[in-house]
$ cat model_28.txt   # compact mmCIF, C-alpha atoms
# COMPACT_ATOMS: atom_id res chain seq x y z
CA MET B 1 83.68 78.97 90.24
CA GLY B 2 81.64 76.41 88.39
CA LYS B 3 80.88 74.66 85.14
CA ILE B 4 77.92 74.46 82.79
CA THR B 5 77.31 71.69 80.26
CA THR B 6 76.26 72.80 76.79
CA LYS B 7 73.87 70.99 74.45
CA ASP B 8 76.73 69.06 72.83
CA GLY B 9 78.07 67.88 76.19
CA THR B 10 80.94 70.38 76.46
CA GLU B 11 81.77 71.59 79.95
CA ILE B 12 82.47 75.33 80.15
CA PHE B 13 84.42 76.48 83.21
CA TYR B 14 83.60 79.90 84.64
CA LYS B 15 84.33 82.19 87.59
CA ASP B 16 81.53 84.26 89.11
CA TRP B 17 82.58 86.64 91.89
CA GLY B 18 80.67 89.33 93.75
CA ALA B 19 77.13 90.12 94.75
CA LYS B 20 74.59 88.54 92.41
CA THR B 21 72.56 91.75 92.60
CA ALA B 22 75.45 93.89 91.27
CA GLN B 23 75.85 94.82 87.61
CA PRO B 24 77.75 92.01 85.87
CA ILE B 25 80.89 92.47 83.79
CA VAL B 26 81.72 89.46 81.63
CA PHE B 27 85.32 89.07 80.42
CA HIS B 28 86.21 87.14 77.24
CA HIS B 29 89.84 86.07 76.88
CA GLY B 30 92.10 85.92 73.83
CA TRP B 31 93.66 82.92 72.11
CA PRO B 32 95.01 80.58 73.47
CA LEU B 33 94.50 81.84 77.00
CA THR B 34 91.95 81.41 79.81
CA ALA B 35 89.80 83.39 82.21
CA ASP B 36 92.96 83.83 84.30
CA ASP B 37 94.20 86.42 81.81
CA TRP B 38 91.68 88.80 83.39
CA ASP B 39 92.87 88.37 87.00
CA ASN B 40 93.85 92.03 87.37
CA GLN B 41 90.60 93.34 85.91
CA MET B 42 88.49 90.84 87.87
CA MET B 43 90.05 91.94 91.17
CA PHE B 44 89.81 95.64 90.29
CA PHE B 45 86.15 95.61 89.28
CA LEU B 46 85.20 93.31 92.14
CA GLY B 47 86.66 95.98 94.40
CA GLN B 48 84.51 98.56 92.62
CA GLY B 49 81.36 96.68 93.57
CA PHE B 50 80.64 94.85 90.32
CA ARG B 51 79.82 91.20 89.77
CA VAL B 52 82.67 89.83 87.64
CA ILE B 53 82.47 86.75 85.44
CA ALA B 54 84.97 85.08 83.12
CA HIS B 55 84.88 81.73 81.38
CA ASP B 56 87.38 79.48 79.66
CA ARG B 57 86.34 79.21 76.01
CA ARG B 58 85.65 75.63 74.89
CA GLY B 59 88.94 73.87 74.21
CA HIS B 60 90.81 76.34 76.42
CA GLY B 61 91.90 76.16 80.04
CA ARG B 62 89.66 74.12 82.32
CA SER B 63 86.85 73.68 79.78
CA THR B 64 86.51 70.49 77.73
CA GLN B 65 89.30 70.00 75.19
CA THR B 66 86.86 69.88 72.29
CA ASP B 67 87.69 68.55 68.84
CA SER B 68 84.58 70.20 67.33
CA GLY B 69 82.60 73.40 67.71
CA ASN B 70 85.74 75.49 67.78
CA GLU B 71 84.26 78.35 65.73
CA MET B 72 82.50 81.63 66.42
CA ASP B 73 78.89 80.49 66.12
CA THR B 74 79.43 77.87 68.81
CA TYR B 75 81.58 80.17 70.94
CA ALA B 76 78.75 82.72 70.96
CA ALA B 77 76.18 80.00 71.70
CA ASP B 78 78.28 78.90 74.68
CA VAL B 79 78.27 82.49 75.99
CA ALA B 80 74.51 82.66 75.52
CA ALA B 81 74.14 79.43 77.48
CA LEU B 82 76.27 80.86 80.30
CA ALA B 83 74.29 84.11 80.33
CA ASP B 84 71.05 82.14 80.53
CA HIS B 85 72.38 79.87 83.27
CA LEU B 86 73.48 82.83 85.38
CA ASP B 87 70.50 84.95 84.25
CA LEU B 88 72.77 87.87 83.44
CA ARG B 89 70.96 91.13 82.79
CA ASN B 90 72.30 94.57 81.86
CA ALA B 91 75.79 93.06 81.56
CA VAL B 92 78.90 94.71 80.17
CA HIS B 93 80.85 92.33 77.91
CA VAL B 94 84.59 92.97 77.60
CA GLY B 95 86.62 91.02 75.04
CA HIS B 96 90.31 90.97 74.20
CA SER B 97 91.61 89.87 70.80
CA THR B 98 89.72 86.68 69.85
CA GLY B 99 87.48 87.41 72.82
CA GLY B 100 86.57 90.71 71.17
CA GLY B 101 85.31 88.78 68.18
CA GLU B 102 83.36 86.54 70.52
CA VAL B 103 81.81 89.61 72.17
CA ALA B 104 80.78 91.08 68.82
CA HIS B 105 79.28 87.79 67.66
CA TYR B 106 77.39 87.24 70.93
CA VAL B 107 76.16 90.80 71.52
CA ALA B 108 74.78 90.99 67.97
CA ARG B 109 72.62 87.96 68.83
CA ALA B 110 71.90 88.49 72.53
CA ARG B 111 68.40 88.43 73.92
CA PRO B 112 66.94 91.86 74.80
CA GLY B 113 68.00 93.05 78.25
CA ARG B 114 71.04 90.81 78.49
CA VAL B 115 73.65 93.39 77.39
CA ALA B 116 74.14 97.02 78.43
CA LYS B 117 77.50 97.82 76.83
CA ALA B 118 80.38 96.15 75.00
CA VAL B 119 84.15 96.71 74.99
CA LEU B 120 86.60 95.47 72.37
CA ILE B 121 90.27 95.55 73.43
CA GLY B 122 92.92 94.80 70.79
CA ALA B 123 90.10 92.94 69.09
CA VAL B 124 90.11 91.05 65.79
CA PRO B 125 86.96 92.55 64.14
CA PRO B 126 86.04 93.31 61.46
CA ILE B 127 88.27 90.56 59.91
CA MET B 128 91.98 89.82 60.18
CA LEU B 129 92.56 87.91 56.95
CA LYS B 130 93.58 89.70 53.77
CA THR B 131 90.84 89.27 51.17
CA ALA B 132 89.62 91.05 48.06
CA VAL B 133 87.35 93.21 50.21
CA ASN B 134 89.90 93.53 53.03
CA PRO B 135 93.18 94.30 51.23
CA GLY B 136 94.84 95.63 54.39
CA GLY B 137 94.52 92.33 56.23
CA LEU B 138 97.23 89.81 57.04
CA PRO B 139 97.97 87.18 54.39
CA MET B 140 96.98 83.55 54.90
CA GLU B 141 100.68 82.65 55.14
CA VAL B 142 100.81 84.34 58.55
CA PHE B 143 98.08 82.13 59.98
CA ASP B 144 99.42 79.03 58.23
CA GLY B 145 102.67 79.81 60.02
CA PHE B 146 100.82 79.84 63.35
CA ARG B 147 99.31 76.44 62.58
CA THR B 148 102.64 74.96 61.51
CA ALA B 149 104.39 76.23 64.64
CA LEU B 150 101.61 74.95 66.89
CA VAL B 151 101.75 71.44 65.47
CA ALA B 152 105.55 71.30 65.35
CA ASN B 153 106.22 72.44 68.92
CA ARG B 154 103.32 74.07 70.72
CA ALA B 155 105.29 74.51 73.94
CA GLN B 156 108.02 76.51 72.20
CA PHE B 157 105.53 78.50 70.13
CA PHE B 158 103.69 79.43 73.30
CA LEU B 159 106.95 80.82 74.71
CA ASP B 160 107.89 82.70 71.56
CA VAL B 161 104.63 84.65 71.30
CA PRO B 162 104.60 86.29 74.75
CA THR B 163 108.38 86.70 74.80
CA GLY B 164 108.13 88.62 71.53
CA PRO B 165 105.24 90.54 69.97
CA PHE B 166 102.26 89.89 72.28
CA TYR B 167 103.43 92.20 75.07
CA GLY B 168 105.85 94.18 72.95
CA PHE B 169 108.78 92.65 74.81
CA ASN B 170 110.68 92.54 71.51
CA ARG B 171 110.89 96.34 71.50
CA PRO B 172 114.26 97.87 72.50
CA ASP B 173 112.87 99.87 75.44
CA ALA B 174 110.51 97.20 76.73
CA LYS B 175 110.29 96.41 80.43
CA VAL B 176 110.13 92.61 80.26
CA SER B 177 108.06 90.69 82.80
CA GLN B 178 109.11 87.06 83.04
CA GLY B 179 106.01 86.41 85.12
CA LEU B 180 103.70 87.53 82.31
CA ILE B 181 105.58 85.33 79.84
CA GLN B 182 105.36 82.28 82.07
CA ASN B 183 101.71 82.91 82.90
CA TRP B 184 100.86 83.17 79.20
CA TRP B 185 102.62 79.85 78.59
CA ARG B 186 100.88 78.26 81.58
CA GLN B 187 97.45 79.29 80.35
CA GLY B 188 98.13 78.23 76.77
CA MET B 189 99.38 74.79 77.69
CA MET B 190 96.26 74.11 79.77
CA GLY B 191 94.13 73.99 76.62
CA GLY B 192 93.79 71.45 73.84
CA ALA B 193 96.01 71.53 70.76
CA LYS B 194 93.13 70.68 68.38
CA ALA B 195 90.92 73.43 69.74
CA HIS B 196 93.78 75.93 69.59
CA TYR B 197 94.53 74.90 66.01
CA ASP B 198 90.90 75.33 64.97
CA CYS B 199 90.61 78.65 66.77
CA ILE B 200 93.26 80.19 64.50
CA LYS B 201 90.78 79.90 61.63
CA ALA B 202 88.00 81.26 63.84
CA PHE B 203 89.85 84.42 64.85
CA SER B 204 91.46 85.11 61.48
CA GLU B 205 88.78 84.24 58.93
CA THR B 206 85.50 85.14 60.64
CA ASP B 207 84.00 88.31 59.17
CA PHE B 208 82.37 90.32 61.96
CA THR B 209 81.23 93.18 59.73
CA GLU B 210 77.52 92.42 59.99
CA ASP B 211 77.82 91.74 63.74
CA LEU B 212 79.29 95.19 64.32
CA LYS B 213 76.51 96.81 62.29
CA LYS B 214 73.81 95.03 64.32
CA ILE B 215 75.06 96.00 67.78
CA ASP B 216 72.78 98.66 69.23
CA VAL B 217 74.41 99.22 72.64
CA PRO B 218 77.34 101.57 73.35
CA VAL B 219 80.68 100.09 72.28
CA LEU B 220 84.13 101.16 73.45
CA ILE B 221 86.97 100.13 71.14
CA MET B 222 90.41 100.23 72.81
CA HIS B 223 93.55 99.46 70.84
CA GLY B 224 97.28 99.81 71.32
CA GLU B 225 98.93 101.74 68.50
CA ASP B 226 101.94 99.38 68.64
CA ASP B 227 99.80 96.22 68.49
CA GLN B 228 101.92 93.71 66.54
CA ILE B 229 99.37 90.89 66.73
CA VAL B 230 96.20 92.69 65.54
CA PRO B 231 97.42 95.76 63.63
CA ILE B 232 95.27 98.76 64.47
CA ALA B 233 94.81 100.05 60.91
CA ASP B 234 92.87 96.98 59.80
CA SER B 235 90.92 96.43 63.01
CA ALA B 236 89.95 99.26 65.34
CA HIS B 237 90.14 101.96 62.67
CA LEU B 238 87.69 99.99 60.53
CA ALA B 239 85.49 98.66 63.34
CA ILE B 240 84.68 102.12 64.69
CA LYS B 241 83.11 103.00 61.33
CA LEU B 242 80.72 100.04 61.55
CA VAL B 243 79.24 100.36 65.05
CA ARG B 244 76.29 102.68 65.67
CA LYS B 245 77.25 103.93 69.14
CA GLY B 246 81.01 103.59 69.15
CA THR B 247 83.89 105.33 70.91
CA LEU B 248 87.48 104.71 69.82
CA LYS B 249 90.38 105.13 72.25
CA THR B 250 93.89 104.36 71.10
CA TYR B 251 97.11 104.13 73.10
CA PRO B 252 100.43 105.31 71.65
CA GLY B 253 103.20 102.75 72.06
CA LEU B 254 101.08 100.16 73.83
CA PRO B 255 101.10 96.50 72.75
CA HIS B 256 98.47 93.86 72.08
CA GLY B 257 98.52 92.67 75.69
CA MET B 258 98.16 96.16 77.14
CA ALA B 259 95.51 95.13 79.68
CA SER B 260 98.28 93.11 81.35
CA THR B 261 101.24 95.43 80.79
CA HIS B 262 99.34 98.64 81.65
CA PRO B 263 96.34 97.55 83.76
CA ASP B 264 96.03 100.82 85.66
CA VAL B 265 95.54 102.74 82.41
CA ILE B 266 93.10 100.25 80.91
CA ASN B 267 91.10 99.71 84.11
CA ALA B 268 90.56 103.45 84.62
CA ASP B 269 89.26 103.89 81.08
CA LEU B 270 87.05 100.80 81.36
CA LEU B 271 85.56 102.07 84.61
CA ALA B 272 84.87 105.50 83.13
CA PHE B 273 83.06 103.93 80.16
CA ILE B 274 81.04 101.50 82.26
CA LYS B 275 79.93 104.22 84.69
CA GLY B 276 79.45 106.84 81.97
$ encode --input "model_28.txt" --output "structure tokens"
Amino acid sequence: MGKITTKDGTEIFYKDWGAKTAQPIVFHHGWPLTADDWDNQMMFFLGQGFRVIAHDRRGHGRSTQTDSGNEMDTYAADVAALADHLDLRNAVHVGHSTGGGEVAHYVARARPGRVAKAVLIGAVPPIMLKTAVNPGGLPMEVFDGFRTALVANRAQFFLDVPTGPFYGFNRPDAKVSQGLIQNWWRQGMMGGAKAHYDCIKAFSETDFTEDLKKIDVPVLIMHGEDDQIVPIADSAHLAIKLVRKGTLKTYPGLPHGMASTHPDVINADLLAFIKG
């Protein structure tokens, strides 16, 4: 584990496990979580002989609680700085939700040789917000509601999300894990309220269309068909049409947080793609 300091003085926390000569897999977490959200995947792929890396996005977790730079250009620049610091080559970048947007934005700009493949899991691209050119998106009122709830009582909001739609625990047949709920809350409350507030705009309003078009490495898009946070029809089903070398894999009945609720399923498919 370590930290790097970016050009604007922000400290970015990261974990780096495994042989430095092994192929690296870099994990990018969702909002408002941390690198810890990838614990299962980190342990699994470490056991498979990979070098596994995950960072806390600026403003999240153990990184600096920034009041500026909480947008996709800077997020991607932070990833580039980390990749340069660790001299990552031929890496596989795996992003969940907001982290999937971060992956798309970084990979589209990455230096040659840095990236081998990319994976988007329950990811926000191409764009979440409903606009004239994206009529199937979510209305601004949804994201304004997130901001209002965060400012009013962040601690309660960060219980309501994982207890309800994030893991699909609001479904009648759901097998609820109190541990997952508490761990989501723990990770969320580690970060800064201002950065979390700003990140709502970043994940909902950033248009990743051109990023997806530019990516020239193989991309696996994985999405739960019962994703209540990032509806599949306006994300994965559109994103797959924009990438050059894309594979779409969808999961009937699985929720937004399926990498945590069904890690065995997701890990096996990730491994097959990475080794394929």
$ closest_residue --input "model_28.txt" --among "B:Ala76, B:Ala233, B:Met1, B:Ala239" --to "Leu138 in chain B" --atoms "only C-alpha atoms"
B:Ala233
$ atom_distance --input "model_28.txt" --atom1 "CA of Arg111 in chain B" --atom2 "CA of Ala80 in chain B"
8.6 Å
$ atom_distance --input "model_28.txt" --atom1 "CA of Arg89 in chain B" --atom2 "CA of Ile121 in chain B"
21.9 Å
$ closest_residue --input "model_28.txt" --among "B:Asp226, B:Asp67, B:Asp78, B:Asp211" --to "Arg171 in chain B" --atoms "only C-alpha atoms"
B:Asp226
$ closest_residue --input "model_28.txt" --among "B:Asp216, B:Asp144, B:Asp37, B:Asp8" --to "Gly246 in chain B" --atoms "all atoms listed in the file"
B:Asp216
$ atom_distance --input "model_28.txt" --atom1 "CA of Met190 in chain B" --atom2 "CA of Gly61 in chain B"
4.8 Å
$ residues_around --input "model_28.txt" --residues "His55 in chain B" --least-positions-apart "6" --cutoff "12 Å" --atoms "all atoms listed in the file" --output "ChimeraX atom specification"
/B:1-4,11-17,25-30,33-39,42,61-64,75,78-83,93-95,99,102
$ write_last_selection --input "model_28.txt" --atoms "C-alpha atoms" --output "PDB file, in the frame of the given file"
ATOM      1  CA  MET B   1      83.680  78.970  90.240  1.00  0.00           C
ATOM      2  CA  GLY B   2      81.640  76.410  88.390  1.00  0.00           C
ATOM      3  CA  LYS B   3      80.880  74.660  85.140  1.00  0.00           C
ATOM      4  CA  ILE B   4      77.920  74.460  82.790  1.00  0.00           C
ATOM      5  CA  GLU B  11      81.770  71.590  79.950  1.00  0.00           C
ATOM      6  CA  ILE B  12      82.470  75.330  80.150  1.00  0.00           C
ATOM      7  CA  PHE B  13      84.420  76.480  83.210  1.00  0.00           C
ATOM      8  CA  TYR B  14      83.600  79.900  84.640  1.00  0.00           C
ATOM      9  CA  LYS B  15      84.330  82.190  87.590  1.00  0.00           C
ATOM     10  CA  ASP B  16      81.530  84.260  89.110  1.00  0.00           C
ATOM     11  CA  TRP B  17      82.580  86.640  91.890  1.00  0.00           C
ATOM     12  CA  ILE B  25      80.890  92.470  83.790  1.00  0.00           C
ATOM     13  CA  VAL B  26      81.720  89.460  81.630  1.00  0.00           C
ATOM     14  CA  PHE B  27      85.320  89.070  80.420  1.00  0.00           C
ATOM     15  CA  HIS B  28      86.210  87.140  77.240  1.00  0.00           C
ATOM     16  CA  HIS B  29      89.840  86.070  76.880  1.00  0.00           C
ATOM     17  CA  GLY B  30      92.100  85.920  73.830  1.00  0.00           C
ATOM     18  CA  LEU B  33      94.500  81.840  77.000  1.00  0.00           C
ATOM     19  CA  THR B  34      91.950  81.410  79.810  1.00  0.00           C
ATOM     20  CA  ALA B  35      89.800  83.390  82.210  1.00  0.00           C
ATOM     21  CA  ASP B  36      92.960  83.830  84.300  1.00  0.00           C
ATOM     22  CA  ASP B  37      94.200  86.420  81.810  1.00  0.00           C
ATOM     23  CA  TRP B  38      91.680  88.800  83.390  1.00  0.00           C
ATOM     24  CA  ASP B  39      92.870  88.370  87.000  1.00  0.00           C
ATOM     25  CA  MET B  42      88.490  90.840  87.870  1.00  0.00           C
ATOM     26  CA  GLY B  61      91.900  76.160  80.040  1.00  0.00           C
ATOM     27  CA  ARG B  62      89.660  74.120  82.320  1.00  0.00           C
ATOM     28  CA  SER B  63      86.850  73.680  79.780  1.00  0.00           C
ATOM     29  CA  THR B  64      86.510  70.490  77.730  1.00  0.00           C
ATOM     30  CA  TYR B  75      81.580  80.170  70.940  1.00  0.00           C
ATOM     31  CA  ASP B  78      78.280  78.900  74.680  1.00  0.00           C
ATOM     32  CA  VAL B  79      78.270  82.490  75.990  1.00  0.00           C
ATOM     33  CA  ALA B  80      74.510  82.660  75.520  1.00  0.00           C
ATOM     34  CA  ALA B  81      74.140  79.430  77.480  1.00  0.00           C
ATOM     35  CA  LEU B  82      76.270  80.860  80.300  1.00  0.00           C
ATOM     36  CA  ALA B  83      74.290  84.110  80.330  1.00  0.00           C
ATOM     37  CA  HIS B  93      80.850  92.330  77.910  1.00  0.00           C
ATOM     38  CA  VAL B  94      84.590  92.970  77.600  1.00  0.00           C
ATOM     39  CA  GLY B  95      86.620  91.020  75.040  1.00  0.00           C
ATOM     40  CA  GLY B  99      87.480  87.410  72.820  1.00  0.00           C
ATOM     41  CA  GLU B 102      83.360  86.540  70.520  1.00  0.00           C
TER      42      GLU B 102
END
$ axis_aligned_box --input "model_28.txt" --around "range 117-132 of chain B" --padding-each-side "8 Å" --output "JSON"
{"center_x": 85.5, "center_y": 92.9, "center_z": 62.4, "size_x": 32.1, "size_y": 25.9, "size_z": 44.8}
$ closest_residue --input "model_28.txt" --among "B:Asn267, B:Ser97, B:Ser177, B:Gln65" --to "Ile232 in chain B" --atoms "only C-alpha atoms"
B:Ser97
$ residues_around --input "model_28.txt" --residues "range 149-154 of chain B" --least-positions-apart "3" --cutoff "8 Å" --atoms "only C-alpha atoms" --output "PyMOL selection string"
chain B and resi 145-146+157-158+193+197
$ write_last_selection --input "model_28.txt" --atoms "C-alpha atoms" --output "short mmCIF file (atom, residue, chain, number, x, y, z; two decimals), in the frame of the given file"
data_model
loop_
_atom_site.label_atom_id
_atom_site.label_comp_id
_atom_site.auth_asym_id
_atom_site.auth_seq_id
_atom_site.Cartn_x
_atom_site.Cartn_y
_atom_site.Cartn_z
CA GLY B 145 102.67 79.81 60.02
CA PHE B 146 100.82 79.84 63.35
CA PHE B 157 105.53 78.50 70.13
CA PHE B 158 103.69 79.43 73.30
CA ALA B 193 96.01 71.53 70.76
CA TYR B 197 94.53 74.90 66.01
#
$ closest_residue --input "model_28.txt" --among "B:Ile274, B:Ile221, B:Ala236, B:Ala259" --to "Val119 in chain B" --atoms "all atoms listed in the file"
B:Ile221
$ closest_residue --input "model_28.txt" --among "B:Ile215, B:Leu238, B:Pro24, B:His105" --to "Glu71 in chain B" --atoms "all atoms listed in the file"
B:His105
$ residues_around --input "model_28.txt" --residues "Lys245 in chain B" --least-positions-apart "5" --cutoff "7 Å" --atoms "all atoms listed in the file" --output "PDB file with C-alpha atoms, in the coordinates of the input"
ATOM      1  CA  ASP B 216      72.780  98.660  69.230  1.00  0.00           C
ATOM      2  CA  VAL B 217      74.410  99.220  72.640  1.00  0.00           C
ATOM      3  CA  PRO B 218      77.340 101.570  73.350  1.00  0.00           C
ATOM      4  CA  VAL B 219      80.680 100.090  72.280  1.00  0.00           C
TER       5      VAL B 219
END
$ residues_around --input "model_28.txt" --residues "Lys214 in chain B" --least-positions-apart "3" --cutoff "8 Å" --atoms "all atoms listed in the file" --output "ChimeraX atom specification"
/B:108,210-211,243
$ residues_around --input "model_28.txt" --residues "Pro252 in chain B" --least-positions-apart "5" --cutoff "12 Å" --atoms "all atoms listed in the file" --output "MDAnalysis selection string"
chainID B and resid 222:227 232 258
$ residues_near_point --input "model_28.txt" --point "(71.8, 99.2, 80.7)" --cutoff "8 Å" --atoms "all atoms listed in the file" --output "PyMOL selection string"
chain B and resi 90-91+113+115-117
$ decode --input "model_28.txt" --residues "range 185-274 of chain B" --atoms "C-alpha atoms" --output "PDB file, in the first residue's frame"
ATOM      1  CA  TRP B 185     -21.607   2.629   4.606  1.00  0.00           C
ATOM      2  CA  ARG B 186     -18.120   2.335   6.102  1.00  0.00           C
ATOM      3  CA  GLN B 187     -16.448   3.036   2.782  1.00  0.00           C
ATOM      4  CA  GLY B 188     -18.762   5.910   1.914  1.00  0.00           C
ATOM      5  CA  MET B 189     -18.306   7.694   5.215  1.00  0.00           C
ATOM      6  CA  MET B 190     -14.512   7.557   4.862  1.00  0.00           C
ATOM      7  CA  GLY B 191     -14.651  10.045   1.985  1.00  0.00           C
ATOM      8  CA  GLY B 192     -15.330  13.764   1.821  1.00  0.00           C
ATOM      9  CA  ALA B 193     -18.844  15.152   1.464  1.00  0.00           C
ATOM     10  CA  LYS B 194     -17.771  17.864  -1.011  1.00  0.00           C
ATOM     11  CA  ALA B 195     -15.991  15.392  -3.263  1.00  0.00           C
ATOM     12  CA  HIS B 196     -18.942  13.003  -3.123  1.00  0.00           C
ATOM     13  CA  TYR B 197     -21.317  15.848  -3.967  1.00  0.00           C
ATOM     14  CA  ASP B 198     -19.228  16.916  -6.950  1.00  0.00           C
ATOM     15  CA  CYS B 199     -18.829  13.345  -8.157  1.00  0.00           C
ATOM     16  CA  ILE B 200     -22.588  13.043  -8.700  1.00  0.00           C
ATOM     17  CA  LYS B 201     -22.247  15.551 -11.543  1.00  0.00           C
ATOM     18  CA  ALA B 202     -19.170  13.727 -12.838  1.00  0.00           C
ATOM     19  CA  PHE B 203     -20.844  10.330 -13.089  1.00  0.00           C
ATOM     20  CA  SER B 204     -24.217  11.554 -14.326  1.00  0.00           C
ATOM     21  CA  GLU B 205     -23.383  14.352 -16.769  1.00  0.00           C
ATOM     22  CA  THR B 206     -20.095  13.290 -18.355  1.00  0.00           C
ATOM     23  CA  ASP B 207     -20.608  12.117 -21.943  1.00  0.00           C
ATOM     24  CA  PHE B 208     -18.263   9.199 -22.630  1.00  0.00           C
ATOM     25  CA  THR B 209     -19.407   8.644 -26.220  1.00  0.00           C
ATOM     26  CA  GLU B 210     -16.190   9.831 -27.838  1.00  0.00           C
ATOM     27  CA  ASP B 211     -14.078   7.959 -25.262  1.00  0.00           C
ATOM     28  CA  LEU B 212     -15.785   4.685 -26.144  1.00  0.00           C
ATOM     29  CA  LYS B 213     -15.225   5.293 -29.851  1.00  0.00           C
ATOM     30  CA  LYS B 214     -11.496   5.941 -29.321  1.00  0.00           C
ATOM     31  CA  ILE B 215     -10.726   2.804 -27.308  1.00  0.00           C
ATOM     32  CA  ASP B 216      -8.812   0.364 -29.500  1.00  0.00           C
ATOM     33  CA  VAL B 217      -8.262  -2.514 -27.047  1.00  0.00           C
ATOM     34  CA  PRO B 218     -10.730  -5.339 -26.324  1.00  0.00           C
ATOM     35  CA  VAL B 219     -13.543  -4.241 -24.010  1.00  0.00           C
ATOM     36  CA  LEU B 220     -15.818  -6.494 -21.961  1.00  0.00           C
ATOM     37  CA  ILE B 221     -19.080  -4.874 -20.875  1.00  0.00           C
ATOM     38  CA  MET B 222     -20.802  -6.695 -17.987  1.00  0.00           C
ATOM     39  CA  HIS B 223     -24.171  -5.546 -16.695  1.00  0.00           C
ATOM     40  CA  GLY B 224     -26.879  -6.870 -14.418  1.00  0.00           C
ATOM     41  CA  GLU B 225     -30.280  -6.932 -16.086  1.00  0.00           C
ATOM     42  CA  ASP B 226     -31.913  -5.853 -12.795  1.00  0.00           C
ATOM     43  CA  ASP B 227     -29.522  -2.924 -12.264  1.00  0.00           C
ATOM     44  CA  GLN B 228     -31.632  -0.258 -10.534  1.00  0.00           C
ATOM     45  CA  ILE B 229     -28.812   2.294 -10.267  1.00  0.00           C
ATOM     46  CA  VAL B 230     -27.520   2.320 -13.869  1.00  0.00           C
ATOM     47  CA  PRO B 231     -30.363   0.927 -15.997  1.00  0.00           C
ATOM     48  CA  ILE B 232     -28.997  -1.419 -18.637  1.00  0.00           C
ATOM     49  CA  ALA B 233     -31.029  -0.098 -21.580  1.00  0.00           C
ATOM     50  CA  ASP B 234     -29.374   3.318 -21.491  1.00  0.00           C
ATOM     51  CA  SER B 235     -25.872   2.154 -20.618  1.00  0.00           C
ATOM     52  CA  ALA B 236     -24.511  -1.242 -21.654  1.00  0.00           C
ATOM     53  CA  HIS B 237     -26.906  -1.665 -24.581  1.00  0.00           C
ATOM     54  CA  LEU B 238     -25.729   1.661 -26.005  1.00  0.00           C
ATOM     55  CA  ALA B 239     -22.055   1.384 -25.029  1.00  0.00           C
ATOM     56  CA  ILE B 240     -21.551  -1.906 -26.873  1.00  0.00           C
ATOM     57  CA  LYS B 241     -22.505  -0.166 -30.126  1.00  0.00           C
ATOM     58  CA  LEU B 242     -19.752   2.431 -29.664  1.00  0.00           C
ATOM     59  CA  VAL B 243     -16.676   0.327 -28.877  1.00  0.00           C
ATOM     60  CA  ARG B 244     -14.636  -1.204 -31.703  1.00  0.00           C
ATOM     61  CA  LYS B 245     -13.703  -4.493 -30.036  1.00  0.00           C
ATOM     62  CA  GLY B 246     -16.514  -5.027 -27.575  1.00  0.00           C
ATOM     63  CA  THR B 247     -18.184  -8.028 -25.956  1.00  0.00           C
ATOM     64  CA  LEU B 248     -21.428  -7.625 -24.009  1.00  0.00           C
ATOM     65  CA  LYS B 249     -22.380 -10.049 -21.240  1.00  0.00           C
ATOM     66  CA  THR B 250     -25.566  -9.485 -19.286  1.00  0.00           C
ATOM     67  CA  TYR B 251     -26.839 -11.209 -16.157  1.00  0.00           C
ATOM     68  CA  PRO B 252     -30.561 -11.895 -15.654  1.00  0.00           C
ATOM     69  CA  GLY B 253     -31.802 -10.784 -12.242  1.00  0.00           C
ATOM     70  CA  LEU B 254     -28.455  -9.477 -11.020  1.00  0.00           C
ATOM     71  CA  PRO B 255     -28.144  -6.038  -9.389  1.00  0.00           C
ATOM     72  CA  HIS B 256     -25.806  -3.085  -9.739  1.00  0.00           C
ATOM     73  CA  GLY B 257     -23.450  -4.428  -7.073  1.00  0.00           C
ATOM     74  CA  MET B 258     -23.250  -7.900  -8.611  1.00  0.00           C
ATOM     75  CA  ALA B 259     -19.467  -8.144  -8.224  1.00  0.00           C
ATOM     76  CA  SER B 260     -20.115  -8.225  -4.464  1.00  0.00           C
ATOM     77  CA  THR B 261     -23.336 -10.251  -4.383  1.00  0.00           C
ATOM     78  CA  HIS B 262     -22.200 -12.812  -6.987  1.00  0.00           C
ATOM     79  CA  PRO B 263     -18.376 -12.672  -7.009  1.00  0.00           C
ATOM     80  CA  ASP B 264     -17.891 -16.267  -8.139  1.00  0.00           C
ATOM     81  CA  VAL B 265     -19.891 -15.606 -11.308  1.00  0.00           C
ATOM     82  CA  ILE B 266     -18.217 -12.285 -12.080  1.00  0.00           C
ATOM     83  CA  ASN B 267     -14.687 -13.441 -11.245  1.00  0.00           C
ATOM     84  CA  ALA B 268     -14.948 -16.480 -13.539  1.00  0.00           C
ATOM     85  CA  ASP B 269     -16.093 -14.350 -16.467  1.00  0.00           C
ATOM     86  CA  LEU B 270     -13.422 -11.731 -15.787  1.00  0.00           C
ATOM     87  CA  LEU B 271     -10.731 -14.394 -15.714  1.00  0.00           C
ATOM     88  CA  ALA B 272     -11.936 -15.931 -18.969  1.00  0.00           C
ATOM     89  CA  PHE B 273     -11.841 -12.532 -20.691  1.00  0.00           C
ATOM     90  CA  ILE B 274      -8.438 -11.572 -19.326  1.00  0.00           C
TER      91      ILE B 274
END
